[in-house]
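Notes follow once the structure below has been shown.
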Amino acid sequence: MELIEKLEAGERIGYEEGVWLYDLDLFTLAKYADKRRKELYGKKSFFNINRHINPTNICKDICKFCAFSANRKNPNPYTLSHDEILKIVEEASKRGIKEVHIVSAHNDKAGLEWYMGIFKKIKERFPHIHIKALTAAEVNFLAKEYGLSFEEMIDMMIQSGVDSMPGGGAEIFDEEVREYICKGKVSSDEWLHIHRLWHQKGRKSNATMLFGHVERREHRIDHMLRLRALQDETGGFNCFIPLIYQRENNYLNVQEFVTGQEYLKTIAIARILLDNIPHIKAYWATSTLGLALVAQEFGADDLDGTIEREAIQSAAGAKSRYGVALEEFVALIKDSGFVPVERDSLYNELKVW
Ligand code: V47
């Protein structure tokens with residue numbers, strides 16, 4: 001069957017055809033991605049009111065793409081105390097946030113209790129706030145550092161009050177590229193297995209893909225298909241998030257940004273290939289707000305949230321350090337012709353703005 005016939009019929013696309021999708025023109029891809037998006041959500045675009053917190057930037061691992069961790073290019077190590085973190089949550093709670101998104105570096109001095117204790121304290125004081133925390137990379141680091149199995153780590157996360165897992169640390173699953181960009185970090189199989197175990201507990205998580213660096217298009221397709229296979233097994237992913245690699249203050253030395261066209265193609269291909277993952281997020285911190293708004297017409301139905309503070313992408317040059325004001329965010333979504341729907345972290349609709 002021809003690729004276009006398959007797209008017309010809404011049939012599942014395999015690896016080789018997935019790579020061919022990139023050779024289609026942008027508007028042909030948009031036609032099929034937008035059709036799917038409309039079938040699922042019409043003109044709704046989801047977002048949440050959230051606060052990102054990055055409690056430490058001291059890291060045992062060295063990922064070439066990372067500008068966040070304290071190193072020669074960013075000699076600015078910090079570790080927040082529990083009290084400092086609680087203060088941030090308290091202030092954000094007054095502003096009405098519904099979710100904290102907590103991601104740290106791999107700090108071997110902080111201790112397991114520092115990592116897990118903060119979730120307990122946040123849950124005790126702010127039981128209404130959803131805690132999305134600990135990437136699979138952190139889970140892998142903590143498990144190995146403290147001699148625990150992944151299952152034991154996951155049980156501890158649940159007992160400590162973690163509600164869902166963010167999608168970080170996935171980078172690119174292809175082993176050769178992974179070895180080059182983040183040698184020694186959680187392996188692709190480990191990343192996928194940690195999410196499998198989390199899903200088996202009835203919990204939800206997200207999945208990211210870092211692209212626009214040294215990977216090729218086929219690596220992106222392989223990455224998405226490994227996620228699709230796990231999703232067939234567990235159904236636990238809520239959302240897929242392609243992250244555009246930001247070039248400053250890190251060791252990858254990539255000269256050019258991925259083009260807007262390549263980003264939109266990747267969003268559209270994700271919507272087409274990932275027929276079993278409900279949401280495709282245009283994470284504006286890496287794409288810019290403008291391109292994220294355009295991505296709504298290419299299959300993206302989620303724009304993440306107001307963020308408030310962002311340290312990982314902004315350390316590498318993105319203009320996301322102070323998040324975006326709620327009123328502005330909502331107005332931009334409306335002006336782009338979509339309906340802003342505030343959601344909770346599990347995609348229950350809270351308010352149509
Ligand atoms: O995994 C690191 C990425 C990720 C750079 O689950 C970089 O809802 C671009 O996972 N350029 C962490 N990206 C952020 C993350 C995330 C973000 C928003 C929402 C969700 C979610 C998850 O940041 C890391 C890594 O891939 N990253 N350095 C860089 N130079």
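Letters for chains follow the order of the structure tokens (A, B, ...), residue numbers begin at 1 for each chain, and ligand numbers begin at 1 in the order shown.
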Please report as a tab-separated table every residue of chain A lying within 6 Å of ligand 1, along with the nearest atom pair and their distance in Å (one decimal), using only C-alpha atoms and all ligand atoms.
residue	atom	partner	partner_atom_place_in_ligand_line	distance
A:Phe65	CA	ligand 1	30 (N)	4.8
A:Cys66	CA	ligand 1	28 (N)	4.0
A:Ala67	CA	ligand 1	30 (N)	5.8
A:Pro166	CA	ligand 1	6 (O)	3.3
A:Gly167	CA	ligand 1	6 (O)	3.8
A:Gly168	CA	ligand 1	10 (O)	2.9
A:Gly169	CA	ligand 1	1 (O)	3.7
A:Ala170	CA	ligand 1	1 (O)	5.9
A:Glu171	CA	ligand 1	26 (O)	4.9
A:Asn206	CA	ligand 1	6 (O)	4.8
A:Thr208	CA	ligand 1	10 (O)	6.0
A:Leu210	CA	ligand 1	26 (O)	4.9
A:Leu243	CA	ligand 1	13 (N)	5.6
A:Ile244	CA	ligand 1	9 (C)	5.4
A:Tyr245	CA	ligand 1	11 (N)	3.7
A:Gln246	CA	ligand 1	11 (N)	3.7
A:Arg247	CA	ligand 1	30 (N)	5.7
A:Ile312	CA	ligand 1	2 (C)	5.8
A:Gln313	CA	ligand 1	9 (C)	5.1
A:Ala316	CA	ligand 1	30 (N)	4.8
Selection file, N, CA and C atoms, as a short mmCIF file (atom, residue, chain, number, x, y, z; two decimals), in the first residue's frame:
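out-v6.cif written:
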data_model
loop_
_atom_site.label_atom_id
_atom_site.label_comp_id
_atom_site.auth_asym_id
_atom_site.auth_seq_id
_atom_site.Cartn_x
_atom_site.Cartn_y
_atom_site.Cartn_z
N PHE A 65 25.06 17.92 25.93
CA PHE A 65 24.09 18.93 25.53
C PHE A 65 23.65 19.82 26.69
N CYS A 66 24.05 19.50 27.90
CA CYS A 66 23.47 20.14 29.07
C CYS A 66 24.23 21.40 29.48
N ALA A 67 23.49 22.49 29.65
CA ALA A 67 24.09 23.74 30.14
C ALA A 67 23.62 24.03 31.56
N PRO A 166 7.72 13.09 34.92
CA PRO A 166 7.96 13.87 33.71
C PRO A 166 8.71 13.03 32.67
N GLY A 167 8.83 13.59 31.48
CA GLY A 167 9.37 12.79 30.37
C GLY A 167 10.84 12.96 30.11
N GLY A 168 11.55 13.65 30.99
CA GLY A 168 12.96 13.96 30.73
C GLY A 168 13.88 12.75 30.74
N GLY A 169 15.07 12.96 30.22
CA GLY A 169 16.11 11.93 30.24
C GLY A 169 16.03 10.95 29.08
N ALA A 170 15.02 11.09 28.23
CA ALA A 170 14.89 10.13 27.13
C ALA A 170 15.90 10.45 26.03
N GLU A 171 16.14 11.73 25.82
CA GLU A 171 17.09 12.24 24.82
C GLU A 171 16.82 11.58 23.46
N ASN A 206 5.15 11.09 31.07
CA ASN A 206 5.35 11.69 29.76
C ASN A 206 6.64 11.16 29.14
N THR A 208 9.87 12.52 26.45
CA THR A 208 10.46 13.58 25.63
C THR A 208 11.35 12.97 24.54
N LEU A 210 14.90 14.69 22.66
CA LEU A 210 15.77 15.84 22.40
C LEU A 210 16.32 15.71 20.98
N LEU A 243 11.71 18.07 22.14
CA LEU A 243 12.43 19.25 22.65
C LEU A 243 13.50 19.65 21.65
N ILE A 244 13.48 20.91 21.26
CA ILE A 244 14.53 21.38 20.33
C ILE A 244 15.80 21.67 21.13
N TYR A 245 16.88 21.08 20.70
CA TYR A 245 18.18 21.29 21.35
C TYR A 245 18.56 22.78 21.30
N GLN A 246 18.91 23.33 22.47
CA GLN A 246 19.37 24.73 22.58
C GLN A 246 20.90 24.74 22.62
N ARG A 247 21.52 25.67 21.93
CA ARG A 247 22.93 25.50 21.59
C ARG A 247 23.96 26.13 22.51
N ILE A 312 16.55 24.76 32.82
CA ILE A 312 17.34 23.81 32.02
C ILE A 312 17.54 24.34 30.59
N GLN A 313 16.45 24.68 29.94
CA GLN A 313 16.58 25.18 28.57
C GLN A 313 17.12 26.61 28.54
N ALA A 316 20.73 27.08 28.42
CA ALA A 316 21.34 26.81 27.11
C ALA A 316 20.88 27.82 26.05
#
Every residue of segment 61-276 of chain A that DSSP places in helix (DSSP H, G or I), as JSON, numbers by chain
{"A": [82, 83, 84, 85, 86, 87, 88, 89, 90, 91, 92, 93, 94, 112, 113, 114, 115, 116, 117, 118, 119, 120, 121, 122, 123, 124, 125, 136, 137, 138, 139, 140, 141, 142, 143, 144, 145, 150, 151, 152, 153, 154, 155, 156, 157, 158, 159, 160, 175, 176, 177, 178, 179, 180, 181, 182, 188, 189, 190, 191, 192, 193, 194, 195, 196, 197, 198, 199, 200, 217, 218, 219, 220, 221, 222, 223, 224, 225, 226, 227, 228, 229, 230, 231, 232, 233, 234, 260, 261, 262, 263, 264, 265, 266, 267, 268, 269, 270, 271, 272, 273]}
Can those selected residues be exported to a file as a JSON list (two decimals), in the first residue's frame so that it contains C-alpha atoms?
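again_2.json, written as the output of this step:
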[["chain", "number", "residue", "atom", "x", "y", "z"],
["A", 82, "HIS", "CA", 13.69, 21.83, 51.79],
["A", 83, "ASP", "CA", 12.64, 25.09, 53.41],
["A", 84, "GLU", "CA", 13.63, 27.07, 50.33],
["A", 85, "ILE", "CA", 11.70, 24.69, 48.10],
["A", 86, "LEU", "CA", 8.63, 24.82, 50.37],
["A", 87, "LYS", "CA", 8.75, 28.59, 50.25],
["A", 88, "ILE", "CA", 8.72, 28.51, 46.45],
["A", 89, "VAL", "CA", 5.76, 26.12, 46.48],
["A", 90, "GLU", "CA", 3.93, 28.24, 49.04],
["A", 91, "GLU", "CA", 4.32, 31.42, 46.97],
["A", 92, "ALA", "CA", 3.31, 29.63, 43.77],
["A", 93, "SER", "CA", 0.35, 28.04, 45.52],
["A", 94, "LYS", "CA", -0.96, 31.53, 46.38],
["A", 112, "LEU", "CA", 18.26, 10.03, 49.22],
["A", 113, "GLU", "CA", 16.28, 11.66, 52.03],
["A", 114, "TRP", "CA", 16.86, 15.12, 50.53],
["A", 115, "TYR", "CA", 15.44, 13.88, 47.21],
["A", 116, "MET", "CA", 12.43, 12.00, 48.60],
["A", 117, "GLY", "CA", 11.70, 14.05, 51.73],
["A", 118, "ILE", "CA", 10.72, 17.13, 49.79],
["A", 119, "PHE", "CA", 7.84, 15.29, 48.10],
["A", 120, "LYS", "CA", 6.50, 14.17, 51.49],
["A", 121, "LYS", "CA", 6.67, 17.72, 52.82],
["A", 122, "ILE", "CA", 5.00, 19.25, 49.76],
["A", 123, "LYS", "CA", 2.21, 16.63, 49.89],
["A", 124, "GLU", "CA", 1.64, 17.21, 53.61],
["A", 125, "ARG", "CA", 1.35, 20.99, 53.26],
["A", 136, "ALA", "CA", 13.77, 8.14, 34.72],
["A", 137, "ALA", "CA", 17.37, 9.41, 34.60],
["A", 138, "GLU", "CA", 17.08, 10.51, 38.23],
["A", 139, "VAL", "CA", 15.36, 7.28, 39.23],
["A", 140, "ASN", "CA", 18.19, 5.30, 37.64],
["A", 141, "PHE", "CA", 20.83, 7.47, 39.33],
["A", 142, "LEU", "CA", 19.22, 7.18, 42.79],
["A", 143, "ALA", "CA", 18.62, 3.43, 42.46],
["A", 144, "LYS", "CA", 22.26, 2.77, 41.59],
["A", 145, "GLU", "CA", 23.66, 5.27, 44.08],
["A", 150, "PHE", "CA", 13.91, 0.24, 40.21],
["A", 151, "GLU", "CA", 10.82, -1.34, 41.82],
["A", 152, "GLU", "CA", 11.97, -0.23, 45.27],
["A", 153, "MET", "CA", 12.60, 3.29, 43.99],
["A", 154, "ILE", "CA", 9.18, 3.45, 42.40],
["A", 155, "ASP", "CA", 7.45, 2.23, 45.56],
["A", 156, "MET", "CA", 9.34, 4.88, 47.51],
["A", 157, "MET", "CA", 8.29, 7.60, 45.06],
["A", 158, "ILE", "CA", 4.66, 6.62, 45.44],
["A", 159, "GLN", "CA", 4.91, 6.50, 49.23],
["A", 160, "SER", "CA", 6.57, 9.92, 49.21],
["A", 175, "GLU", "CA", 22.49, 3.69, 21.39],
["A", 176, "GLU", "CA", 25.27, 5.13, 19.23],
["A", 177, "VAL", "CA", 23.99, 8.71, 19.38],
["A", 178, "ARG", "CA", 23.23, 8.29, 23.07],
["A", 179, "GLU", "CA", 26.76, 7.12, 23.78],
["A", 180, "TYR", "CA", 28.07, 10.26, 22.07],
["A", 181, "ILE", "CA", 25.77, 12.84, 23.67],
["A", 182, "CYS", "CA", 25.27, 11.44, 27.18],
["A", 188, "SER", "CA", 17.44, 3.58, 26.60],
["A", 189, "ASP", "CA", 16.27, 0.18, 27.82],
["A", 190, "GLU", "CA", 16.50, 1.30, 31.43],
["A", 191, "TRP", "CA", 14.59, 4.52, 30.67],
["A", 192, "LEU", "CA", 11.82, 2.53, 29.02],
["A", 193, "HIS", "CA", 11.78, -0.11, 31.76],
["A", 194, "ILE", "CA", 11.45, 2.47, 34.55],
["A", 195, "HIS", "CA", 8.42, 3.95, 32.77],
["A", 196, "ARG", "CA", 7.03, 0.43, 32.23],
["A", 197, "LEU", "CA", 7.27, -0.29, 35.97],
["A", 198, "TRP", "CA", 5.72, 3.08, 36.81],
["A", 199, "HIS", "CA", 2.83, 2.43, 34.41],
["A", 200, "GLN", "CA", 2.34, -1.05, 35.89],
["A", 217, "ARG", "CA", 15.75, 11.81, 11.12],
["A", 218, "GLU", "CA", 15.76, 8.01, 11.30],
["A", 219, "HIS", "CA", 16.87, 8.18, 14.91],
["A", 220, "ARG", "CA", 13.81, 10.28, 15.72],
["A", 221, "ILE", "CA", 11.54, 7.75, 14.05],
["A", 222, "ASP", "CA", 13.22, 4.90, 15.93],
["A", 223, "HIS", "CA", 12.78, 6.87, 19.17],
["A", 224, "MET", "CA", 9.07, 7.43, 18.58],
["A", 225, "LEU", "CA", 8.49, 3.80, 17.62],
["A", 226, "ARG", "CA", 10.18, 2.50, 20.78],
["A", 227, "LEU", "CA", 7.76, 4.71, 22.74],
["A", 228, "ARG", "CA", 4.81, 3.49, 20.70],
["A", 229, "ALA", "CA", 5.75, -0.13, 21.41],
["A", 230, "LEU", "CA", 5.86, 0.48, 25.16],
["A", 231, "GLN", "CA", 2.60, 2.40, 24.99],
["A", 232, "ASP", "CA", 0.96, -0.61, 23.27],
["A", 233, "GLU", "CA", 2.05, -2.63, 26.28],
["A", 234, "THR", "CA", 1.13, -0.25, 29.13],
["A", 260, "GLY", "CA", 11.04, 25.83, 12.11],
["A", 261, "GLN", "CA", 9.98, 23.65, 9.22],
["A", 262, "GLU", "CA", 11.82, 20.63, 10.62],
["A", 263, "TYR", "CA", 10.23, 21.21, 14.03],
["A", 264, "LEU", "CA", 6.74, 21.37, 12.55],
["A", 265, "LYS", "CA", 7.41, 18.24, 10.49],
["A", 266, "THR", "CA", 8.54, 16.45, 13.64],
["A", 267, "ILE", "CA", 5.42, 17.51, 15.54],
["A", 268, "ALA", "CA", 3.20, 16.38, 12.67],
["A", 269, "ILE", "CA", 5.03, 13.06, 12.28],
["A", 270, "ALA", "CA", 4.73, 12.47, 16.02],
["A", 271, "ARG", "CA", 0.96, 13.03, 15.81],
["A", 272, "ILE", "CA", 0.74, 10.59, 12.87],
["A", 273, "LEU", "CA", 3.06, 7.87, 14.23]]
Pairwise distance for atom CA of Lys109 of chain A and atom CA of Arg51 of chain A, rounded to one decimal in Å:
25.2 Å
What is the atom CA of Gly305 of chain A-atom CA of Asp163 of chain A distance in Å, reported with one decimal?
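Result for atom CA of Gly305 of chain A versus atom CA of Asp163 of chain A: 17.5 Å, one decimal.
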Straight-line distance linking atom CA of Tyr41 of chain A with atom CA of Asp335 of chain A, stated in Å to one decimal:
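Atom CA of Tyr41 of chain A sits 18.0 Å away from atom CA of Asp335 of chain A.
Among A:Ala300, A:Ala311, A:Ala207, A:Ala318, the residue with the shortest atom-to-atom distance to Thr288 of chain A, counting only C-alpha atoms, is A:Ala318.
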Which polymer residues have any atom within 12 Å of an atom of segment 33-39 of chain A, counting only C-alpha atoms, with same-chain residues fewer than 4 positions away left out, as a compact mmCIF listing (two decimals) with N, CA and C atoms, in the first residue's frame?
# COMPACT_ATOMS: atom_id res chain seq x y z
N LEU A 7 -2.00 6.79 4.92
CA LEU A 7 -2.33 7.99 5.70
C LEU A 7 -3.82 8.30 5.56
N GLU A 8 -4.33 8.17 4.34
CA GLU A 8 -5.76 8.42 4.11
C GLU A 8 -6.60 7.45 4.93
N ALA A 9 -6.15 6.21 4.99
CA ALA A 9 -6.93 5.18 5.69
C ALA A 9 -6.69 5.21 7.21
N GLY A 10 -5.74 6.06 7.63
CA GLY A 10 -5.43 6.15 9.06
C GLY A 10 -4.76 4.89 9.58
N GLU A 11 -4.02 4.20 8.69
CA GLU A 11 -3.37 2.97 9.13
C GLU A 11 -2.06 3.24 9.84
N LEU A 21 8.10 9.73 5.75
CA LEU A 21 7.20 10.85 6.08
C LEU A 21 7.93 12.18 6.01
N LEU A 26 5.53 19.78 4.00
CA LEU A 26 4.99 20.14 5.31
C LEU A 26 3.46 20.16 5.32
N PHE A 27 2.87 20.64 4.23
CA PHE A 27 1.41 20.80 4.26
C PHE A 27 0.68 19.47 4.08
N THR A 28 1.31 18.53 3.41
CA THR A 28 0.71 17.18 3.33
C THR A 28 0.73 16.56 4.72
N LEU A 29 1.86 16.72 5.41
CA LEU A 29 1.93 16.18 6.78
C LEU A 29 0.90 16.86 7.67
N LYS A 43 -10.69 22.19 18.37
CA LYS A 43 -9.81 23.36 18.45
C LYS A 43 -9.27 23.59 19.86
N LYS A 44 -9.48 22.62 20.75
CA LYS A 44 -8.99 22.82 22.12
C LYS A 44 -7.46 22.73 22.18
N SER A 45 -6.86 23.64 22.92
CA SER A 45 -5.43 23.52 23.22
C SER A 45 -5.26 23.50 24.74
N LEU A 264 8.16 21.61 12.84
CA LEU A 264 6.74 21.37 12.55
C LEU A 264 6.55 19.99 11.92
N LYS A 265 7.48 19.59 11.06
CA LYS A 265 7.41 18.24 10.49
C LYS A 265 7.47 17.20 11.60
N THR A 266 8.36 17.43 12.56
CA THR A 266 8.54 16.45 13.64
C THR A 266 7.29 16.37 14.51
N ILE A 267 6.68 17.51 14.77
CA ILE A 267 5.42 17.51 15.54
C ILE A 267 4.35 16.73 14.76
N ALA A 268 4.24 17.03 13.48
CA ALA A 268 3.20 16.38 12.67
C ALA A 268 3.44 14.87 12.58
N ILE A 269 4.70 14.49 12.38
CA ILE A 269 5.03 13.06 12.28
C ILE A 269 4.74 12.37 13.61
N ALA A 270 5.03 13.05 14.70
CA ALA A 270 4.73 12.47 16.02
C ALA A 270 3.23 12.20 16.13
N ARG A 271 2.43 13.20 15.71
CA ARG A 271 0.96 13.03 15.81
C ARG A 271 0.50 11.84 14.95
N ILE A 272 1.15 11.67 13.78
CA ILE A 272 0.74 10.59 12.87
C ILE A 272 1.22 9.23 13.41
N LEU A 273 2.48 9.17 13.81
CA LEU A 273 3.06 7.87 14.23
C LEU A 273 2.53 7.40 15.57
N LEU A 274 2.39 8.35 16.51
CA LEU A 274 2.04 7.96 17.88
C LEU A 274 0.52 7.93 18.02
N ASP A 275 -0.04 6.93 17.34
CA ASP A 275 -1.50 6.82 17.31
C ASP A 275 -2.08 6.39 18.65
N ASN A 276 -1.20 6.00 19.58
CA ASN A 276 -1.69 5.52 20.88
C ASN A 276 -1.30 6.44 22.05
N ILE A 277 -0.60 7.53 21.75
CA ILE A 277 -0.27 8.49 22.84
C ILE A 277 -1.22 9.68 22.69
N PRO A 278 -2.00 9.96 23.74
CA PRO A 278 -3.08 10.94 23.55
C PRO A 278 -2.63 12.35 23.16
N HIS A 279 -1.57 12.86 23.79
CA HIS A 279 -1.27 14.28 23.58
C HIS A 279 0.14 14.51 23.02
N ILE A 280 0.23 15.51 22.15
CA ILE A 280 1.52 15.95 21.62
C ILE A 280 1.74 17.37 22.12
N LYS A 281 2.84 17.54 22.85
CA LYS A 281 3.09 18.85 23.47
C LYS A 281 4.12 19.66 22.68
N VAL A 294 2.07 28.04 16.26
CA VAL A 294 1.90 27.51 14.90
C VAL A 294 1.76 25.98 14.94
N ALA A 295 2.50 25.36 15.84
CA ALA A 295 2.47 23.88 15.93
C ALA A 295 1.07 23.34 16.24
N GLN A 296 0.21 24.23 16.77
CA GLN A 296 -1.17 23.80 17.02
C GLN A 296 -1.86 23.38 15.72
N GLU A 297 -1.40 23.90 14.60
CA GLU A 297 -2.01 23.55 13.31
C GLU A 297 -1.31 22.33 12.68
N PHE A 298 -0.29 21.81 13.37
CA PHE A 298 0.47 20.69 12.83
C PHE A 298 0.42 19.47 13.75
N GLY A 299 -0.62 19.42 14.59
CA GLY A 299 -0.82 18.21 15.39
C GLY A 299 -0.65 18.39 16.88
N ALA A 300 -0.06 19.50 17.32
CA ALA A 300 0.14 19.69 18.77
C ALA A 300 -1.16 20.16 19.42
N ASP A 301 -1.50 19.59 20.55
CA ASP A 301 -2.74 19.99 21.23
C ASP A 301 -2.45 20.49 22.64
N ASP A 302 -1.17 20.50 23.04
CA ASP A 302 -0.82 20.87 24.40
C ASP A 302 0.36 21.84 24.35
N PHE A 338 -7.39 29.14 18.60
CA PHE A 338 -7.66 27.91 19.36
C PHE A 338 -8.34 28.25 20.69
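Inside segment 125-253 of chain A, the residues DSSP reads as strand (DSSP E) when given the backbone are His130, Ile131, Lys132, Ala133, Ser205, Asn206, Ala207, Thr208, Met209, Leu210, Phe211, Phe237, Asn238, Cys239, Phe240, Ile241, Pro242, Leu243 and Ile244 of chain A.
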In terms of only C-alpha atoms, the residue from A:Val341, A:Ile62, A:Ile49, A:Ile4 at minimal distance from Ala325 of chain A is A:Ile49
Might you pull out every residue within 9 Å of Ser345 of chain A, with only C-alpha atoms counted and same-chain residues fewer than 5 positions away left off, and present them as a list in words?
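Skipping anything fewer than 5 positions along the chain leaves Asn48, Lys98, Glu99, His130, Ile131, Lys132 and Ser164 of chain A.
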Restrict the selected residues to N, CA, C and O atoms and save them as a CSV table (one decimal), in the first residue's frame.
chain,number,residue,atom,x,y,z
A,48,ASN,N,-1.5,23.9,31.5
A,48,ASN,CA,-1.8,23.9,32.9
A,48,ASN,C,-1.0,25.0,33.6
A,48,ASN,O,-0.1,25.7,33.0
A,98,LYS,N,-1.4,24.5,40.0
A,98,LYS,CA,-2.0,23.1,40.3
A,98,LYS,C,-1.0,22.0,40.2
A,98,LYS,O,-1.3,20.9,40.6
A,99,GLU,N,0.2,22.4,39.7
A,99,GLU,CA,1.2,21.3,39.6
A,99,GLU,C,2.6,21.9,39.9
A,99,GLU,O,2.9,23.0,39.5
A,130,HIS,N,-0.5,18.7,42.5
A,130,HIS,CA,0.0,17.5,41.8
A,130,HIS,C,1.6,17.6,41.7
A,130,HIS,O,2.1,18.6,41.3
A,131,ILE,N,2.2,16.5,42.2
A,131,ILE,CA,3.7,16.5,42.1
A,131,ILE,C,4.1,15.6,40.9
A,131,ILE,O,3.9,14.4,40.9
A,132,LYS,N,4.7,16.3,39.9
A,132,LYS,CA,5.2,15.6,38.7
A,132,LYS,C,6.7,15.7,38.9
A,132,LYS,O,7.3,16.8,38.9
A,164,SER,N,3.0,11.9,39.3
A,164,SER,CA,3.3,11.4,37.9
A,164,SER,C,4.8,11.7,37.6
A,164,SER,O,5.4,12.5,38.3
Measuring atom to atom with only C-alpha atoms, identify which of A:Ile129, A:Met209, A:Val103, A:Val339 is nearest to Gly42 of chain A.
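When distances to Gly42 of chain A are compared using only C-alpha atoms, the smallest one comes from A:Val339.
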